[in-house]
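**Q** See run_24.cif below, with mmCIF, C-alpha atoms.
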```cif
data_run
#
loop_
_atom_site.label_atom_id
_atom_site.label_comp_id
_atom_site.auth_asym_id
_atom_site.auth_seq_id
_atom_site.Cartn_x
_atom_site.Cartn_y
_atom_site.Cartn_z
CA MET A 1 231.26 145.67 128.93
CA SER A 2 229.08 142.65 129.66
CA PHE A 3 226.90 141.53 132.53
CA PRO A 4 227.19 142.36 135.41
CA ASP A 5 229.51 145.31 134.68
CA ASN A 6 227.05 146.86 132.21
CA ALA A 7 224.10 146.74 134.63
CA PRO A 8 224.60 149.33 137.43
CA ALA A 9 220.93 150.32 137.40
CA SER A 10 219.80 146.72 137.88
CA LYS A 11 222.38 146.33 140.63
CA ALA A 12 221.00 149.36 142.43
CA LEU A 13 217.43 148.06 142.11
CA TYR A 14 218.49 144.72 143.53
CA GLN A 15 220.13 146.42 146.49
CA ARG A 16 216.82 148.20 147.18
CA ALA A 17 214.90 144.96 146.73
CA SER A 18 217.13 143.15 149.20
CA GLN A 19 215.85 145.44 151.96
CA VAL A 20 212.19 144.55 151.49
CA LEU A 21 212.08 141.18 149.70
CA PRO A 22 213.68 137.94 150.98
CA GLY A 23 216.92 137.63 149.06
CA GLY A 24 215.73 140.60 147.00
CA ASN A 25 213.35 138.21 145.28
CA THR A 26 209.67 137.41 144.92
CA ARG A 27 209.95 134.81 142.09
CA THR A 28 212.63 132.16 142.54
CA THR A 29 212.59 131.47 138.80
CA VAL A 30 213.91 134.93 137.88
CA PHE A 31 216.76 135.03 140.40
CA MET A 32 220.28 135.11 139.01
CA LYS A 33 223.70 135.84 140.48
CA PRO A 34 225.15 138.27 141.33
CA PHE A 35 221.82 140.05 140.74
CA PRO A 36 218.97 139.82 138.24
CA LEU A 37 218.37 142.16 135.35
CA TYR A 38 215.32 144.38 135.82
CA ALA A 39 213.00 144.83 132.85
CA VAL A 40 211.55 148.25 132.06
CA ARG A 41 209.92 147.71 128.68
CA GLY A 42 209.04 145.09 126.08
CA GLU A 43 207.99 145.36 122.45
CA GLY A 44 207.56 142.47 120.07
CA CYS A 45 210.20 139.86 120.81
CA ARG A 46 212.54 142.29 122.56
CA VAL A 47 212.97 143.55 126.11
CA TRP A 48 214.97 146.45 127.50
CA ASP A 49 216.52 146.33 130.96
CA ALA A 50 216.97 149.16 133.47
CA ASP A 51 220.33 150.04 131.89
CA GLY A 52 218.86 150.35 128.41
CA VAL A 53 220.29 147.10 127.05
CA GLU A 54 218.10 145.49 124.38
CA ARG A 55 217.81 141.71 124.07
CA ILE A 56 215.74 139.17 122.15
CA ASP A 57 213.51 137.45 124.68
CA CYS A 58 213.47 133.67 124.41
CA ILE A 59 211.93 133.25 127.85
CA ASN A 60 208.71 135.18 127.18
CA ASN A 61 207.78 135.18 130.86
CA PHE A 62 208.32 131.43 131.01
CA THR A 63 206.23 130.63 127.91
CA ALA A 64 203.28 132.97 128.68
CA MET A 65 203.93 135.70 126.07
CA ILE A 66 203.35 133.75 122.87
CA HIS A 67 202.85 136.98 120.88
CA GLY A 68 205.69 138.82 122.58
CA TYR A 69 205.11 142.19 124.21
CA ALA A 70 202.63 145.02 123.68
CA HIS A 71 200.73 143.36 120.85
CA PRO A 72 198.36 146.06 119.57
CA THR A 73 195.33 143.77 119.31
CA VAL A 74 195.66 142.69 122.93
CA ASN A 75 196.48 146.20 124.12
CA ASN A 76 193.41 147.64 122.43
CA VAL A 77 190.90 145.35 124.18
CA VAL A 78 192.62 145.97 127.53
CA ARG A 79 192.54 149.76 127.10
CA GLU A 80 188.84 149.64 126.28
CA GLN A 81 188.06 147.55 129.36
CA LEU A 82 190.18 149.74 131.66
CA GLY A 83 187.69 152.54 131.11
CA LEU A 84 184.83 150.24 132.12
CA GLY A 85 186.36 148.64 135.21
CA THR A 86 188.96 145.96 135.85
CA CYS A 87 187.06 143.50 138.05
CA PHE A 88 183.69 143.11 139.71
CA GLY A 89 181.85 141.07 142.30
CA LEU A 90 179.70 139.92 139.40
CA PRO A 91 180.38 137.71 136.37
CA THR A 92 180.94 139.28 132.95
CA GLU A 93 180.29 138.13 129.40
CA SER A 94 184.05 138.00 128.84
CA GLU A 95 184.40 134.75 130.80
CA ILE A 96 181.74 133.09 128.66
CA GLU A 97 183.53 134.11 125.48
CA LEU A 98 186.90 132.69 126.56
CA ALA A 99 185.29 129.51 127.88
CA GLU A 100 183.48 129.02 124.56
CA LEU A 101 186.74 129.49 122.68
CA LEU A 102 188.57 126.92 124.83
CA CYS A 103 185.76 124.38 124.57
CA GLU A 104 185.80 124.76 120.78
CA ARG A 105 189.54 124.06 120.58
CA LEU A 106 189.63 121.15 123.02
CA PRO A 107 187.12 118.37 122.26
CA SER A 108 187.77 116.84 125.70
CA VAL A 109 186.65 120.05 127.42
CA GLU A 110 182.90 120.57 127.78
CA GLN A 111 183.01 123.07 130.65
CA VAL A 112 185.62 125.41 132.13
CA ARG A 113 186.39 126.90 135.55
CA PHE A 114 188.74 129.89 135.68
CA THR A 115 191.46 130.48 138.27
CA ASN A 116 194.27 133.01 138.72
CA SER A 117 197.29 130.87 137.81
CA GLY A 118 198.43 127.53 136.46
CA THR A 119 199.34 126.43 139.98
CA GLU A 120 195.80 127.11 141.14
CA ALA A 121 194.36 125.34 138.11
CA VAL A 122 196.34 122.19 138.87
CA MET A 123 195.35 122.37 142.54
CA MET A 124 191.66 122.63 141.65
CA ALA A 125 191.92 119.82 139.10
CA LEU A 126 193.41 117.49 141.70
CA LYS A 127 190.77 118.49 144.25
CA ALA A 128 188.08 117.94 141.60
CA ALA A 129 189.41 114.45 140.92
CA ARG A 130 189.28 113.62 144.64
CA ALA A 131 185.77 115.05 144.94
CA PHE A 132 184.54 113.11 141.91
CA THR A 133 186.14 109.72 142.69
CA GLY A 134 186.12 109.80 146.48
CA ARG A 135 189.73 108.60 146.41
CA PRO A 136 192.68 110.29 148.18
CA LYS A 137 195.80 109.63 146.10
CA ILE A 138 197.21 111.13 142.93
CA ALA A 139 199.98 109.99 140.59
CA LYS A 140 202.46 112.19 138.77
CA VAL A 141 205.62 111.77 136.71
CA GLU A 142 209.05 111.95 138.30
CA GLY A 143 210.69 115.35 137.74
CA ALA A 144 207.61 117.03 136.25
CA TYR A 145 206.70 120.57 137.31
CA HIS A 146 203.03 121.35 137.93
CA GLY A 147 203.20 124.53 140.01
CA SER A 148 203.54 125.18 143.73
CA TYR A 149 200.85 122.96 145.28
CA ASP A 150 202.34 120.51 147.82
CA TYR A 151 201.04 117.40 146.08
CA ALA A 152 202.05 118.57 142.60
CA GLU A 153 205.60 119.35 143.76
CA VAL A 154 206.48 115.85 144.96
CA SER A 155 209.69 114.49 143.37
CA LEU A 156 210.12 117.64 141.31
CA ASP A 157 213.89 117.74 141.81
CA SER A 158 214.76 114.36 143.30
CA ASP A 159 218.36 113.29 142.74
CA PRO A 160 220.15 109.94 142.28
CA ASN A 161 220.49 109.57 146.06
CA SER A 162 216.72 109.62 146.55
CA TRP A 163 215.35 108.01 143.39
CA GLY A 164 214.70 104.55 144.78
CA GLU A 165 215.79 101.36 143.09
CA ASP A 166 212.74 99.44 141.92
CA LYS A 167 210.33 102.38 141.50
CA PRO A 168 210.45 106.18 141.86
CA ALA A 169 210.25 107.40 145.45
CA SER A 170 208.01 110.22 146.69
CA VAL A 171 210.46 112.95 147.69
CA ALA A 172 209.60 116.33 149.22
CA TYR A 173 210.50 119.38 147.15
CA ALA A 174 209.98 122.09 149.78
CA ALA A 175 210.88 122.07 153.47
CA GLY A 176 207.84 121.47 155.66
CA THR A 177 206.02 119.17 153.24
CA PRO A 178 203.89 116.88 155.45
CA ASP A 179 204.67 113.18 155.35
CA ARG A 180 201.01 112.53 154.60
CA VAL A 181 201.40 114.41 151.31
CA LEU A 182 204.22 112.08 150.28
CA GLN A 183 202.12 109.05 151.18
CA ASP A 184 199.30 110.28 148.95
CA VAL A 185 201.43 110.84 145.85
CA LEU A 186 202.45 107.96 143.61
CA VAL A 187 205.45 108.79 141.41
CA LEU A 188 205.51 107.26 137.92
CA PRO A 189 208.51 106.68 135.63
CA PHE A 190 208.13 108.74 132.45
CA ASN A 191 207.87 106.94 129.11
CA ASP A 192 207.78 103.50 130.74
CA PRO A 193 204.23 102.32 129.99
CA ILE A 194 204.64 98.86 131.50
CA ALA A 195 206.00 100.08 134.84
CA ALA A 196 203.52 102.97 135.01
CA GLU A 197 200.53 100.72 134.32
CA LYS A 198 201.70 98.25 136.97
CA LEU A 199 201.95 101.00 139.61
CA ILE A 200 198.55 102.45 138.70
CA ARG A 201 196.87 99.06 138.97
CA GLU A 202 198.54 98.37 142.33
CA HIS A 203 197.08 101.60 143.77
CA SER A 204 193.90 101.79 141.69
CA THR A 205 191.37 101.63 144.54
CA GLU A 206 192.94 104.73 146.15
CA LEU A 207 194.00 106.62 143.04
CA ALA A 208 191.88 109.66 142.12
CA ALA A 209 193.96 110.97 139.22
CA VAL A 210 197.05 110.62 137.09
CA LEU A 211 198.55 114.05 136.35
CA ILE A 212 200.68 114.23 133.21
CA ASP A 213 202.39 116.94 131.16
CA PRO A 214 202.97 115.49 127.66
CA LEU A 215 206.07 117.69 127.26
CA PRO A 216 207.35 118.12 130.82
CA ASN A 217 209.51 121.22 131.01
CA ARG A 218 211.56 120.53 134.16
CA ALA A 219 211.85 116.82 133.36
CA GLY A 220 213.92 117.60 130.27
CA LEU A 221 211.30 118.82 127.77
CA ILE A 222 211.24 115.29 126.38
CA PRO A 223 208.01 114.40 124.54
CA ALA A 224 205.89 111.63 125.97
CA SER A 225 205.76 108.59 123.72
CA GLN A 226 202.44 107.74 122.10
CA GLU A 227 202.64 104.32 123.71
CA PHE A 228 203.04 105.87 127.17
CA LEU A 229 200.07 108.26 126.85
CA ASP A 230 197.87 105.59 125.28
CA ALA A 231 198.69 103.24 128.16
CA LEU A 232 197.83 105.88 130.76
CA SER A 233 194.55 106.69 129.02
CA ARG A 234 193.57 103.04 128.75
CA VAL A 235 194.42 101.96 132.29
CA CYS A 236 192.84 105.05 133.86
CA LYS A 237 189.55 104.29 132.10
CA GLU A 238 189.71 100.67 133.23
CA VAL A 239 190.28 101.44 136.93
CA GLY A 240 188.13 104.58 137.22
CA THR A 241 191.03 106.98 137.76
CA LEU A 242 190.83 110.39 136.08
CA LEU A 243 193.50 111.38 133.57
CA ILE A 244 194.55 115.03 133.91
CA PHE A 245 196.58 116.74 131.20
CA ASP A 246 198.60 119.70 132.45
CA GLU A 247 198.65 121.93 129.37
CA VAL A 248 199.62 125.14 131.14
CA ILE A 249 202.70 125.19 128.90
CA SER A 250 202.01 122.58 126.21
CA PHE A 251 198.78 124.23 124.99
CA ARG A 252 201.05 126.44 122.84
CA LEU A 253 202.08 123.41 120.73
CA SER A 254 199.08 123.34 118.39
CA TYR A 255 195.57 124.68 117.79
CA GLY A 256 194.23 121.80 119.88
CA GLY A 257 197.12 121.71 122.33
CA ALA A 258 199.25 118.69 123.10
CA GLN A 259 196.21 116.45 123.39
CA GLY A 260 195.36 117.35 119.80
CA LEU A 261 198.82 116.29 118.66
CA TRP A 262 198.76 112.99 120.54
CA GLY A 263 195.07 112.27 119.97
CA VAL A 264 194.32 111.65 123.65
CA ASN A 265 191.18 112.94 125.40
CA PRO A 266 191.86 113.43 129.11
CA ASP A 267 189.11 113.75 131.71
CA LEU A 268 190.43 117.11 132.90
CA THR A 269 192.80 119.68 131.42
CA THR A 270 194.62 122.50 133.17
CA LEU A 271 195.52 125.67 131.29
CA GLY A 272 197.27 128.99 131.96
CA LYS A 273 200.06 131.12 130.49
CA ILE A 274 199.00 131.89 126.88
CA ILE A 275 195.24 131.88 127.58
CA GLY A 276 195.61 135.15 129.55
CA GLY A 277 197.24 137.29 126.86
CA GLY A 278 199.92 138.43 129.30
CA PHE A 279 197.70 138.72 132.37
CA PRO A 280 197.28 136.37 135.37
CA VAL A 281 195.10 133.40 134.50
CA GLY A 282 194.48 129.72 134.92
CA ALA A 283 191.71 127.31 134.01
CA VAL A 284 190.58 123.76 134.59
CA GLY A 285 188.23 122.18 132.10
CA GLY A 286 186.86 118.77 131.28
CA ARG A 287 183.86 116.50 130.97
CA ALA A 288 180.64 118.07 132.24
CA GLU A 289 180.10 115.05 134.51
CA VAL A 290 183.37 115.73 136.31
CA MET A 291 183.09 119.52 136.26
CA ALA A 292 179.73 119.19 138.04
CA VAL A 293 181.66 119.01 141.33
CA PHE A 294 181.93 122.83 141.04
CA ASP A 295 178.20 123.36 140.30
CA PRO A 296 176.53 125.53 143.00
CA THR A 297 172.99 125.49 141.59
CA GLN A 298 171.72 122.86 144.05
CA GLY A 299 173.36 124.37 147.12
CA LYS A 300 176.89 123.88 148.40
CA PRO A 301 178.84 122.12 145.63
CA ALA A 302 181.01 119.09 146.23
CA LEU A 303 183.98 121.39 145.61
CA PRO A 304 183.39 125.03 146.54
CA HIS A 305 185.67 127.40 144.65
CA GLY A 306 185.99 131.18 144.67
CA GLY A 307 188.73 133.66 143.81
CA THR A 308 188.53 137.46 143.98
CA PHE A 309 190.22 137.93 140.61
CA SER A 310 189.17 134.70 138.91
CA ALA A 311 187.71 135.40 135.44
CA ASN A 312 188.38 139.13 135.73
CA PRO A 313 187.49 140.82 132.43
CA ILE A 314 191.02 142.12 131.75
CA SER A 315 192.48 138.59 131.72
CA MET A 316 189.46 137.15 129.91
CA LEU A 317 189.43 139.73 127.11
CA ALA A 318 193.20 139.75 126.68
CA GLY A 319 193.13 135.97 126.63
CA SER A 320 190.41 135.79 124.00
CA ALA A 321 192.24 138.31 121.81
CA SER A 322 195.50 136.41 122.17
CA MET A 323 193.92 133.04 121.40
CA ARG A 324 192.10 134.36 118.31
CA LEU A 325 195.48 135.44 116.95
CA LEU A 326 196.62 131.82 117.24
CA GLN A 327 195.15 130.48 114.03
CA PRO A 328 196.67 127.41 112.29
CA SER A 329 199.07 129.60 110.29
CA ALA A 330 200.56 130.91 113.53
CA TYR A 331 201.48 127.38 114.60
CA VAL A 332 203.09 126.72 111.22
CA HIS A 333 205.29 129.75 111.82
CA LEU A 334 206.10 128.72 115.42
CA ASP A 335 207.02 125.20 114.28
CA HIS A 336 209.25 126.67 111.56
CA ILE A 337 211.23 128.97 113.82
CA GLY A 338 211.41 126.37 116.59
CA ASN A 339 212.90 123.82 114.20
CA ARG A 340 215.37 126.40 112.89
CA VAL A 341 216.66 127.27 116.37
CA ARG A 342 216.93 123.62 117.42
CA GLU A 343 218.78 122.75 114.22
CA GLY A 344 221.04 125.79 114.58
CA ILE A 345 222.03 124.94 118.14
CA ASN A 346 222.61 121.29 117.29
CA ALA A 347 224.79 122.32 114.35
CA ALA A 348 226.80 124.63 116.63
CA LEU A 349 227.33 121.85 119.17
CA LEU A 350 228.60 119.57 116.41
CA ARG A 351 230.78 122.28 114.86
CA HIS A 352 232.51 123.08 118.16
CA GLY A 353 232.80 119.46 119.26
CA VAL A 354 230.67 119.93 122.38
CA PRO A 355 228.47 117.00 123.45
CA GLY A 356 224.88 118.15 123.68
CA GLN A 357 221.48 118.46 122.06
CA ALA A 358 218.54 120.81 121.70
CA VAL A 359 215.23 119.00 122.20
CA GLY A 360 211.54 119.91 122.34
CA LEU A 361 208.61 120.50 120.02
CA GLY A 362 207.18 123.49 118.20
CA SER A 363 208.09 126.78 119.83
CA LEU A 364 209.58 125.10 122.91
CA LEU A 365 213.17 123.92 123.13
CA LYS A 366 215.69 123.01 125.78
CA VAL A 367 219.45 122.55 125.63
CA HIS A 368 221.21 119.61 127.33
CA PHE A 369 224.96 119.15 127.45
CA THR A 370 224.92 115.40 126.99
CA ASP A 371 224.78 113.04 124.01
CA THR A 372 222.83 110.46 126.02
CA LEU A 373 219.53 109.34 124.52
CA LEU A 374 216.98 111.34 126.52
CA GLN A 375 213.89 109.39 127.50
CA ASN A 376 212.97 110.58 130.98
CA TYR A 377 213.95 112.76 133.95
CA ARG A 378 216.77 110.48 135.03
CA SER A 379 218.44 110.38 131.63
CA ALA A 380 218.16 114.19 131.45
CA TYR A 381 219.46 114.78 134.98
CA ALA A 382 222.49 117.05 134.68
CA THR A 383 225.83 116.10 136.20
CA PRO A 384 227.73 118.95 137.91
CA GLU A 385 229.89 119.36 134.78
CA GLN A 386 226.86 119.45 132.50
CA ALA A 387 225.24 122.04 134.77
CA ARG A 388 228.42 124.14 134.64
CA ARG A 389 228.42 124.04 130.83
CA LEU A 390 224.77 125.06 130.72
CA ALA A 391 225.54 128.04 132.97
CA VAL A 392 228.34 129.10 130.59
CA PHE A 393 225.97 128.71 127.62
CA THR A 394 223.08 130.75 129.05
CA ARG A 395 225.50 133.47 130.20
CA GLY A 396 227.00 133.48 126.71
CA LEU A 397 223.54 134.02 125.22
CA LEU A 398 222.85 136.84 127.67
CA GLU A 399 226.07 138.63 126.75
CA ARG A 400 225.16 138.31 123.05
CA GLY A 401 221.71 139.80 123.46
CA VAL A 402 219.49 136.73 123.95
CA LEU A 403 217.53 135.78 127.07
CA ALA A 404 217.01 132.11 127.91
CA ALA A 405 216.04 130.41 131.17
CA SER A 406 218.91 129.41 133.42
CA TYR A 407 217.94 125.74 133.05
CA GLY A 408 218.16 125.86 129.25
CA LEU A 409 214.52 126.46 128.29
CA MET A 410 213.66 128.69 125.35
CA ALA A 411 210.11 129.66 124.31
CA LEU A 412 209.67 131.50 121.03
CA SER A 413 206.96 133.96 120.00
CA THR A 414 204.87 134.58 116.89
CA CYS A 415 206.42 138.02 116.35
CA MET A 416 209.88 136.54 115.75
CA THR A 417 211.07 136.70 112.15
CA ASP A 418 213.72 134.68 110.35
CA VAL A 419 216.06 137.63 110.88
CA ASP A 420 215.49 137.35 114.63
CA VAL A 421 216.10 133.62 114.43
CA ASP A 422 219.37 134.26 112.59
CA GLN A 423 220.47 136.45 115.52
CA ILE A 424 219.47 133.79 118.05
CA ILE A 425 221.40 131.09 116.18
CA LYS A 426 224.45 133.36 115.85
CA ALA A 427 224.36 134.08 119.59
CA ALA A 428 223.97 130.37 120.34
CA ASP A 429 226.99 129.58 118.18
CA GLY A 430 229.07 132.05 120.17
CA ALA A 431 227.74 130.69 123.46
CA VAL A 432 228.65 127.12 122.44
CA ALA A 433 232.11 128.40 121.54
CA ASP A 434 232.33 129.76 125.10
CA VAL A 435 231.46 126.32 126.42
CA ALA A 436 234.14 124.68 124.25
CA ALA A 437 236.72 127.19 125.50
CA SER A 438 235.69 126.63 129.11
CA VAL A 439 236.14 122.87 128.66
CA ASP A 440 239.62 123.39 127.22
CA GLN A 441 240.55 125.67 130.12
CA ALA A 442 239.26 123.14 132.65
CA GLU A 443 241.35 120.40 131.03
CA ILE A 444 244.49 122.61 131.15
CA ALA A 445 243.87 123.39 134.82
#
```
Would it be possible to restate this file's structure as structure tokens?
**A**
Amino acid sequence: MSFPDNAPASKALYQRASQVLPGGNTRTTVFMKPFPLYAVRGEGCRVWDADGVERIDCINNFTAMIHGYAHPTVNNVVREQLGLGTCFGLPTESEIELAELLCERLPSVEQVRFTNSGTEAVMMALKAARAFTGRPKIAKVEGAYHGSYDYAEVSLDSDPNSWGEDKPASVAYAAGTPDRVLQDVLVLPFNDPIAAEKLIREHSTELAAVLIDPLPNRAGLIPASQEFLDALSRVCKEVGTLLIFDEVISFRLSYGGAQGLWGVNPDLTTLGKIIGGGFPVGAVGGRAEVMAVFDPTQGKPALPHGGTFSANPISMLAGSASMRLLQPSAYVHLDHIGNRVREGINAALLRHGVPGQAVGLGSLLKVHFTDTLLQNYRSAYATPEQARRLAVFTRGLLERGVLAASYGLMALSTCMTDVDVDQIIKAADGAVADVAASVDQAEIA
């Protein structure tokens, strides 16, 4: 039996959830039809659902679990702290230690402010940019995901009917988004340095910040070109607009994050996911001059910021332990297995005659069912047929014991071995075969 027939326990849990949670759900990203699988345990790169089915996890809680589950080093520091207390209305040394570690790895970061999530980190970075520059507007890339803050969500899932002809339009993502939010967000075309620079200069006197993810997950996981990032860095310096790197996901790409790979020093950086070791966390860091907007030593700061669980010692200690495990050799391993999976999927697509490609960098990859050269959100935008094929592919992985995000994202972990990678590639080959068969059936129909 395969899903959903082999998941009666998950089905029963979903029926319970539907009575007390809207749509039986509290995280839109984990919803799946006819019901989601419920996890009960994780160890290494594997998870077990409520029905006892074991799978290799290539979601890793949407890139957060870079060492997989129940890593003994992380577990040990958490157990020790549990006996001492989980959070206090006082600071602890643990936040200093993680801040020192992050400042050491990111030359652009002189000071750090901790939050509870990546969404909150992005929100505080944008507010910091407004407080520092005195300007109201921000700019972001079309299709890029930066969490659930109104301004950061603009044009997250715009479609061909709302793109605009001469330049990207500001389109609401969620119902109830105020018009004023749309007016204060400038949408930039990704990997088009000339057009982006022109838009930034046109709005420069009002523009507080340009927010950019160098490897935007929802916009196709297509790497930013060096020319594009260099242009953003240069023009932002010239017009006094802050450059913010969203590295909530991309920090897993190298010891110095994406900015280390591209050699760009942003004014502010947002972090999350892997810096918490599996616990809730976020951070915004940057130049001391900019971070001074948070400084309370002279009275009310320009940007007051609290948070009951911000910098709690569980997240701080787990984060420090997790980051210390990420030495250069760990990134060599992640690059190796990431390249193997991308190459394996691309070989399967070619072998079965299915148009498509696996893209990404390092331990991050995403599958697209198109042969089009992918340069930006619009070129990666899936047609209904491409979306159908992706659904067949991810379901095929699930039925062969591999978890991937419904939109094609895969995030690998340091605990994966070449044997695990062989299993992932074998499952992907079968899933691509499913896609090929579904295309043949559609043509017959």
**Q** Using 9 Å as the limit and counting all atoms listed in the file, can you tabulate each residue of region 164-223 of chain A that touches region 377-397 of chain A, with its shortest atom-to-atom distance in Å and the two atoms involved, as a tab-separated table?
**A**
```
residue	atom	partner	partner_atom	distance
A:Pro189	CA	A:Tyr377	CA	8.3
A:Phe190	CA	A:Tyr377	CA	7.2
A:Arg218	CA	A:Tyr377	CA	8.1
A:Ala219	CA	A:Tyr377	CA	4.6
A:Gly220	CA	A:Ala380	CA	5.6
A:Ile222	CA	A:Tyr377	CA	8.4
```
**Q** Check the smallest atom-to-atom distance from each of A:Gly143, A:Ile138, A:Ser406, A:Val47 to Pro160 (chain A) using all atoms listed in the file, then report the winner.
**A**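 Selected residue with least distance to Pro160 (chain A): A:Gly143.
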**Q** Have a look at A:Asp420, A:Asp429, A:Glu153, A:Glu100 and name the one nearest to Arg55 (chain A); count only C-alpha atoms.
**A** A:Asp420
**Q** Which residues of region 41-73 of chain A come within 12 Å of region 15-32 of chain A, and for each one, what is the closest pair of atoms and their distance in Å to one decimal, counting all atoms listed in the file, sorted by chain and residue number, as JSON lines?
**A**
```
{"residue": "A:Ile59", "atom": "CA", "partner": "A:Val30", "partner_atom": "CA", "distance": 10.4}
{"residue": "A:Asn60", "atom": "CA", "partner": "A:Val30", "partner_atom": "CA", "distance": 11.9}
{"residue": "A:Asn61", "atom": "CA", "partner": "A:Val30", "partner_atom": "CA", "distance": 9.3}
{"residue": "A:Phe62", "atom": "CA", "partner": "A:Thr29", "partner_atom": "CA", "distance": 8.9}
```
**Q** Fewer than 5 positions away in the same chain doesn't count, so skip those; otherwise give me all residues within 12 Å of Ile194 (chain A), counting all atoms listed in the file, as a PDB file with C-alpha atoms, in the frame of the given file.
**A**
```
ATOM      1  CA  LEU A 188     205.510 107.260 137.920  1.00  0.00           C
ATOM      2  CA  PRO A 189     208.510 106.680 135.630  1.00  0.00           C
ATOM      3  CA  LEU A 199     201.950 101.000 139.610  1.00  0.00           C
ATOM      4  CA  ILE A 200     198.550 102.450 138.700  1.00  0.00           C
ATOM      5  CA  ARG A 201     196.870  99.060 138.970  1.00  0.00           C
ATOM      6  CA  GLU A 227     202.640 104.320 123.710  1.00  0.00           C
ATOM      7  CA  PHE A 228     203.040 105.870 127.170  1.00  0.00           C
ATOM      8  CA  LEU A 229     200.070 108.260 126.850  1.00  0.00           C
ATOM      9  CA  ASP A 230     197.870 105.590 125.280  1.00  0.00           C
ATOM     10  CA  ALA A 231     198.690 103.240 128.160  1.00  0.00           C
ATOM     11  CA  LEU A 232     197.830 105.880 130.760  1.00  0.00           C
ATOM     12  CA  VAL A 235     194.420 101.960 132.290  1.00  0.00           C
TER      13      VAL A 235
END
```
**Q** Out of A:Val284, A:Ala144, A:Thr297, A:Leu325, which residue has the shortest atom-to-atom distance to Ala224 (chain A) when counting all atoms listed in the file?
**A**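 The answer is A:Ala144, which sits nearest to Ala224 (chain A).
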**Q** Have a look at A:Lys366, A:Arg287, A:Lys273, A:Arg105 and name the one nearest to Tyr255 (chain A); count only C-alpha atoms.
**A**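 Closest candidate: A:Arg105.
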**Q** For the provided coordinates, the residues matched by the PyMOL selection byres ((chain A and resi 319) around 10) should be stated as a count of residues only.
**A** 29
**Q** Determine the nearest neighbour of Phe88 (chain A) from the options A:Ile425, A:Ala347, A:Ala311, A:Ala283, counting only C-alpha atoms.
**A**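 Nearest to Phe88 (chain A): A:Ala311.
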**Q** Give me the residues near Lys426 (chain A) as a ChimeraX atom specification, where near means some atom within 9 Å (using all atoms listed in the file) and where sequence neighbours in that chain fewer than 5 positions away do not count.
**A** /A:344,400,421,431
**Q** Pick from A:Ile96, A:Val187, A:Ala121, A:Val181: nearest to Ala139 (chain A), with all atoms listed in the file counted?
**A**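 Residue with the minimum atom-to-atom distance to Ala139 (chain A): A:Val187.
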**Q** CA of Lys237 (chain A) and CA of Ala125 (chain A), how far apart in Å?
**A** 17.2 Å
**Q** Decode the PyMOL selection byres ((chain A and resi 119) around 12) for the given file into explicit residues and return them as a count of residues only.
**A** 34
**Q** Please provide the set of residues having any atom within 8 Å of Ile66 (chain A), restricted to all atoms listed in the file, with same-chain residues fewer than 2 positions apart removed, written as a list of chain:residue names.
**A**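 Close residues of Ile66 (chain A): A:Asn60, A:Thr63, A:Ala64, A:Gly68, A:Arg252, A:Ile274, A:Leu412, A:Ser413, A:Thr414.
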**Q** Could you work out how far CA of Gln81 (chain A) lies from CA of Ala39 (chain A), giving the answer in Å with one decimal?
**A**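 Interatomic distance here is 25.3 Å.
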**Q** How about completing region 88-94 of chain A with N, CA, C and O atoms and giving it to me as a PDB file, keeping the file's coordinate frame?
**A**
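Okay, this is what ended up in result_39.pdb:
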```
ATOM      1  N   PHE A  88     184.971 142.878 139.041  1.00  0.00           N
ATOM      2  CA  PHE A  88     183.690 143.110 139.710  1.00  0.00           C
ATOM      3  C   PHE A  88     183.340 141.918 140.603  1.00  0.00           C
ATOM      4  O   PHE A  88     183.854 140.809 140.399  1.00  0.00           O
ATOM      5  N   GLY A  89     182.419 142.167 141.524  1.00  0.00           N
ATOM      6  CA  GLY A  89     181.850 141.070 142.300  1.00  0.00           C
ATOM      7  C   GLY A  89     180.658 140.479 141.590  1.00  0.00           C
ATOM      8  O   GLY A  89     179.681 140.041 142.213  1.00  0.00           O
ATOM      9  N   LEU A  90     180.733 140.464 140.275  1.00  0.00           N
ATOM     10  CA  LEU A  90     179.700 139.920 139.400  1.00  0.00           C
ATOM     11  C   LEU A  90     180.405 139.261 138.211  1.00  0.00           C
ATOM     12  O   LEU A  90     181.511 139.661 137.837  1.00  0.00           O
ATOM     13  N   PRO A  91     179.786 138.270 137.582  1.00  0.00           N
ATOM     14  CA  PRO A  91     180.380 137.710 136.370  1.00  0.00           C
ATOM     15  C   PRO A  91     180.241 138.681 135.205  1.00  0.00           C
ATOM     16  O   PRO A  91     179.430 139.620 135.251  1.00  0.00           O
ATOM     17  N   THR A  92     181.037 138.467 134.169  1.00  0.00           N
ATOM     18  CA  THR A  92     180.940 139.280 132.950  1.00  0.00           C
ATOM     19  C   THR A  92     180.881 138.362 131.737  1.00  0.00           C
ATOM     20  O   THR A  92     181.275 137.188 131.804  1.00  0.00           O
ATOM     21  N   GLU A  93     180.395 138.907 130.632  1.00  0.00           N
ATOM     22  CA  GLU A  93     180.290 138.130 129.400  1.00  0.00           C
ATOM     23  C   GLU A  93     181.648 137.635 128.925  1.00  0.00           C
ATOM     24  O   GLU A  93     181.752 136.603 128.247  1.00  0.00           O
ATOM     25  N   SER A  94     182.709 138.342 129.316  1.00  0.00           N
ATOM     26  CA  SER A  94     184.050 138.000 128.840  1.00  0.00           C
ATOM     27  C   SER A  94     184.455 136.584 129.222  1.00  0.00           C
ATOM     28  O   SER A  94     185.159 135.906 128.467  1.00  0.00           O
TER      29      SER A  94
END
```
